[in-house]
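Chemist: Before I ask anything, here is the structure I am working with.
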Amino acid sequence: MSMENDPRIVPEKGEETAVKEPSRYKVLLHNDDYTTMEFVVQVLMDIFNKSEAEATQIMLNVHKNGVGVCGIYTAEVAETKVAMVSQMARKHGYPLKCTMEEV
């Protein structure tokens with residue numbers, strides 16, 4: 001067992017400890033010709049906790065630009081949200097694509 005990462009070891013006075021921030025990921029929705037705008041707004045409100053106004057703005061970005069950022073999260077949270085979007089879309093018969101990309 002390495003003592004290097006042992007949380008019980010306290011650094012010596014004056015010794016610097018580097019705390020690395022966790023990687024962050026953008027969660028993206030991609031435009032398609034089948035998923036309704038209303039459904040995208042609902043996804044953004046239900047899964048990403050956006051207000052109706054925020055959700056509508058993101059949906060319009062997806063519609064106009066082909067892709068829109070839903071939020072920025074740690075890897076685990078981003079993975080969970082991507083899976084939730086995919087599950088919700090399939091349940092309702094939409095091919096909505098959701099991906100994540102490191103910031």
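Convention: chains lettered A, B, ... in structure tokens order; per-chain residue numbering from 1; ligands numbered from 1 as shown.
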For Lys97 (chain A), list every protein, DNA or RNA residue within 10 Å, evaluated using only C-alpha atoms, and leave out those in the same chain fewer than 2 positions away; present the list as a list in words.
Modeler: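 Contacts, with the query itself left out: Leu28, Leu29, His30, Asn31, Asp32, Thr35, Val67, Val82, Val85, Ser86, Ala89, Tyr94, Pro95 and Thr99 of chain A.
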Chemist: With C-alpha atoms retained, export the selected residues as an mmCIF file, in the first residue's frame.
Modeler:
```cif
data_model
loop_
_atom_site.group_PDB
_atom_site.id
_atom_site.type_symbol
_atom_site.label_atom_id
_atom_site.label_comp_id
_atom_site.auth_asym_id
_atom_site.auth_seq_id
_atom_site.Cartn_x
_atom_site.Cartn_y
_atom_site.Cartn_z
ATOM 1 C CA LEU A 28 -24.497 18.118 -25.231
ATOM 2 C CA LEU A 29 -27.807 17.551 -27.005
ATOM 3 C CA HIS A 30 -27.699 17.036 -30.772
ATOM 4 C CA ASN A 31 -30.353 18.107 -33.260
ATOM 5 C CA ASP A 32 -32.285 15.557 -35.298
ATOM 6 C CA THR A 35 -37.409 14.768 -31.735
ATOM 7 C CA VAL A 67 -25.881 21.092 -30.806
ATOM 8 C CA VAL A 82 -26.399 11.232 -20.727
ATOM 9 C CA VAL A 85 -31.587 11.434 -21.566
ATOM 10 C CA SER A 86 -31.082 8.336 -23.720
ATOM 11 C CA ALA A 89 -35.840 9.561 -25.340
ATOM 12 C CA TYR A 94 -37.268 9.648 -30.051
ATOM 13 C CA PRO A 95 -33.720 9.267 -31.410
ATOM 14 C CA THR A 99 -23.095 13.109 -25.510
#
```
Chemist: Give me, as a PyMOL selection string, all polymer residues having an atom no more than 9 Å from Tyr73 (chain A), counting only C-alpha atoms and skipping those fewer than 2 positions away in the same chain.
Modeler: chain A and resi 23-27+71+75-78
Chemist: Take the selection from the previous step and output its residues with C-alpha atoms, as a PDB file, in the first residue's frame.
Modeler:
```
ATOM      1  CA  SER A  23     -12.218  16.845 -14.834  1.00  0.00           C
ATOM      2  CA  ARG A  24     -15.349  18.595 -16.027  1.00  0.00           C
ATOM      3  CA  TYR A  25     -17.542  17.553 -18.939  1.00  0.00           C
ATOM      4  CA  LYS A  26     -20.048  19.391 -21.125  1.00  0.00           C
ATOM      5  CA  VAL A  27     -23.260  17.469 -21.695  1.00  0.00           C
ATOM      6  CA  GLY A  71     -24.534  21.935 -18.455  1.00  0.00           C
ATOM      7  CA  ALA A  75     -17.607  12.744 -15.213  1.00  0.00           C
ATOM      8  CA  GLU A  76     -19.951  10.645 -13.071  1.00  0.00           C
ATOM      9  CA  VAL A  77     -22.762  13.200 -13.115  1.00  0.00           C
ATOM     10  CA  ALA A  78     -22.348  13.810 -16.856  1.00  0.00           C
TER      11      ALA A  78
END
```
Chemist: Check the DSSP output for the backbone and give back, as a list in words, the residues of region 35-88 of chain A in strand (DSSP E).
Modeler: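 Matching residues for strand (DSSP E) in region 35-88 of chain A are Val67, Gly68, Val69, Cys70, Gly71, Ile72, Tyr73 and Thr74 of chain A.
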Chemist: Keeping only C-alpha atoms, take the residues you just selected and write them out as a PDB file, in the first residue's frame.
Modeler:
```
ATOM      1  CA  VAL A  67     -25.881  21.092 -30.806  1.00  0.00           C
ATOM      2  CA  GLY A  68     -26.452  22.758 -27.441  1.00  0.00           C
ATOM      3  CA  VAL A  69     -24.783  22.624 -24.031  1.00  0.00           C
ATOM      4  CA  CYS A  70     -27.066  21.416 -21.232  1.00  0.00           C
ATOM      5  CA  GLY A  71     -24.534  21.935 -18.455  1.00  0.00           C
ATOM      6  CA  ILE A  72     -21.031  21.177 -17.193  1.00  0.00           C
ATOM      7  CA  TYR A  73     -20.531  18.404 -14.648  1.00  0.00           C
ATOM      8  CA  THR A  74     -18.055  15.942 -13.188  1.00  0.00           C
TER       9      THR A  74
END
```
Chemist: Report, in Å with one decimal, the straight-line distance from CA of Leu60 (chain A) to CA of Glu79 (chain A).
Modeler: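 Atom-to-atom, CA of Leu60 (chain A) and CA of Glu79 (chain A) are spaced 23.4 Å apart.
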Chemist: Have a look at A:Lys64, A:Glu101, A:His92, A:Pro22 and name the one nearest to Gln42 (chain A); count only C-alpha atoms.
Modeler: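 Checking each of A:Lys64, A:Glu101, A:His92, A:Pro22 against Gln42 (chain A), counting only C-alpha atoms, the winner is A:His92.
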Chemist: Compile the contact shell of Ile47 (chain A) as a ChimeraX atom specification: residues with an atom at most 7 Å away, counting only C-alpha atoms, same-chain residues fewer than 3 positions apart removed.
Modeler: /A:43-44,81
Chemist: Using the selection just defined, write its residues with N, CA and C atoms as an mmCIF file, in the first residue's frame.
Modeler:
```cif
data_model
loop_
_atom_site.group_PDB
_atom_site.id
_atom_site.type_symbol
_atom_site.label_atom_id
_atom_site.label_comp_id
_atom_site.auth_asym_id
_atom_site.auth_seq_id
_atom_site.Cartn_x
_atom_site.Cartn_y
_atom_site.Cartn_z
ATOM 1 N N VAL A 43 -37.081 17.473 -21.472
ATOM 2 C CA VAL A 43 -35.848 16.792 -21.047
ATOM 3 C C VAL A 43 -34.965 17.758 -20.252
ATOM 4 N N LEU A 44 -34.809 18.958 -20.777
ATOM 5 C CA LEU A 44 -33.948 19.952 -20.120
ATOM 6 C C LEU A 44 -34.500 20.355 -18.748
ATOM 7 N N LYS A 81 -26.388 11.743 -16.533
ATOM 8 C CA LYS A 81 -27.352 12.572 -17.264
ATOM 9 C C LYS A 81 -27.470 12.114 -18.714
#
```
Chemist: Could you state the separation of CA of Thr36 (chain A) and CA of Thr56 (chain A) in Å, given to one decimal place?
Modeler: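 Separating CA of Thr36 (chain A) from CA of Thr56 (chain A) is a distance of 12.0 Å.
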Chemist: Looking at only C-alpha atoms, which of A:Thr80, A:Met59, A:Asp33, A:Val103 is the one that sits closest to Met45 (chain A)?
Modeler: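 Of A:Thr80, A:Met59, A:Asp33, A:Val103, the one nearest Met45 (chain A), counting only C-alpha atoms, is A:Met59.
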Chemist: Using Å and a single decimal, report how far CA of Asn65 (chain A) sits from CA of Met84 (chain A).
Modeler: 22.9 Å
Chemist: Apply DSSP to the backbone of this structure and, from region 4-76 of chain A, keep only the residues in helix (DSSP H, G or I); write these as a VMD selection string.
Modeler: chain A and resid 37 to 48 52 to 65 75 to 76
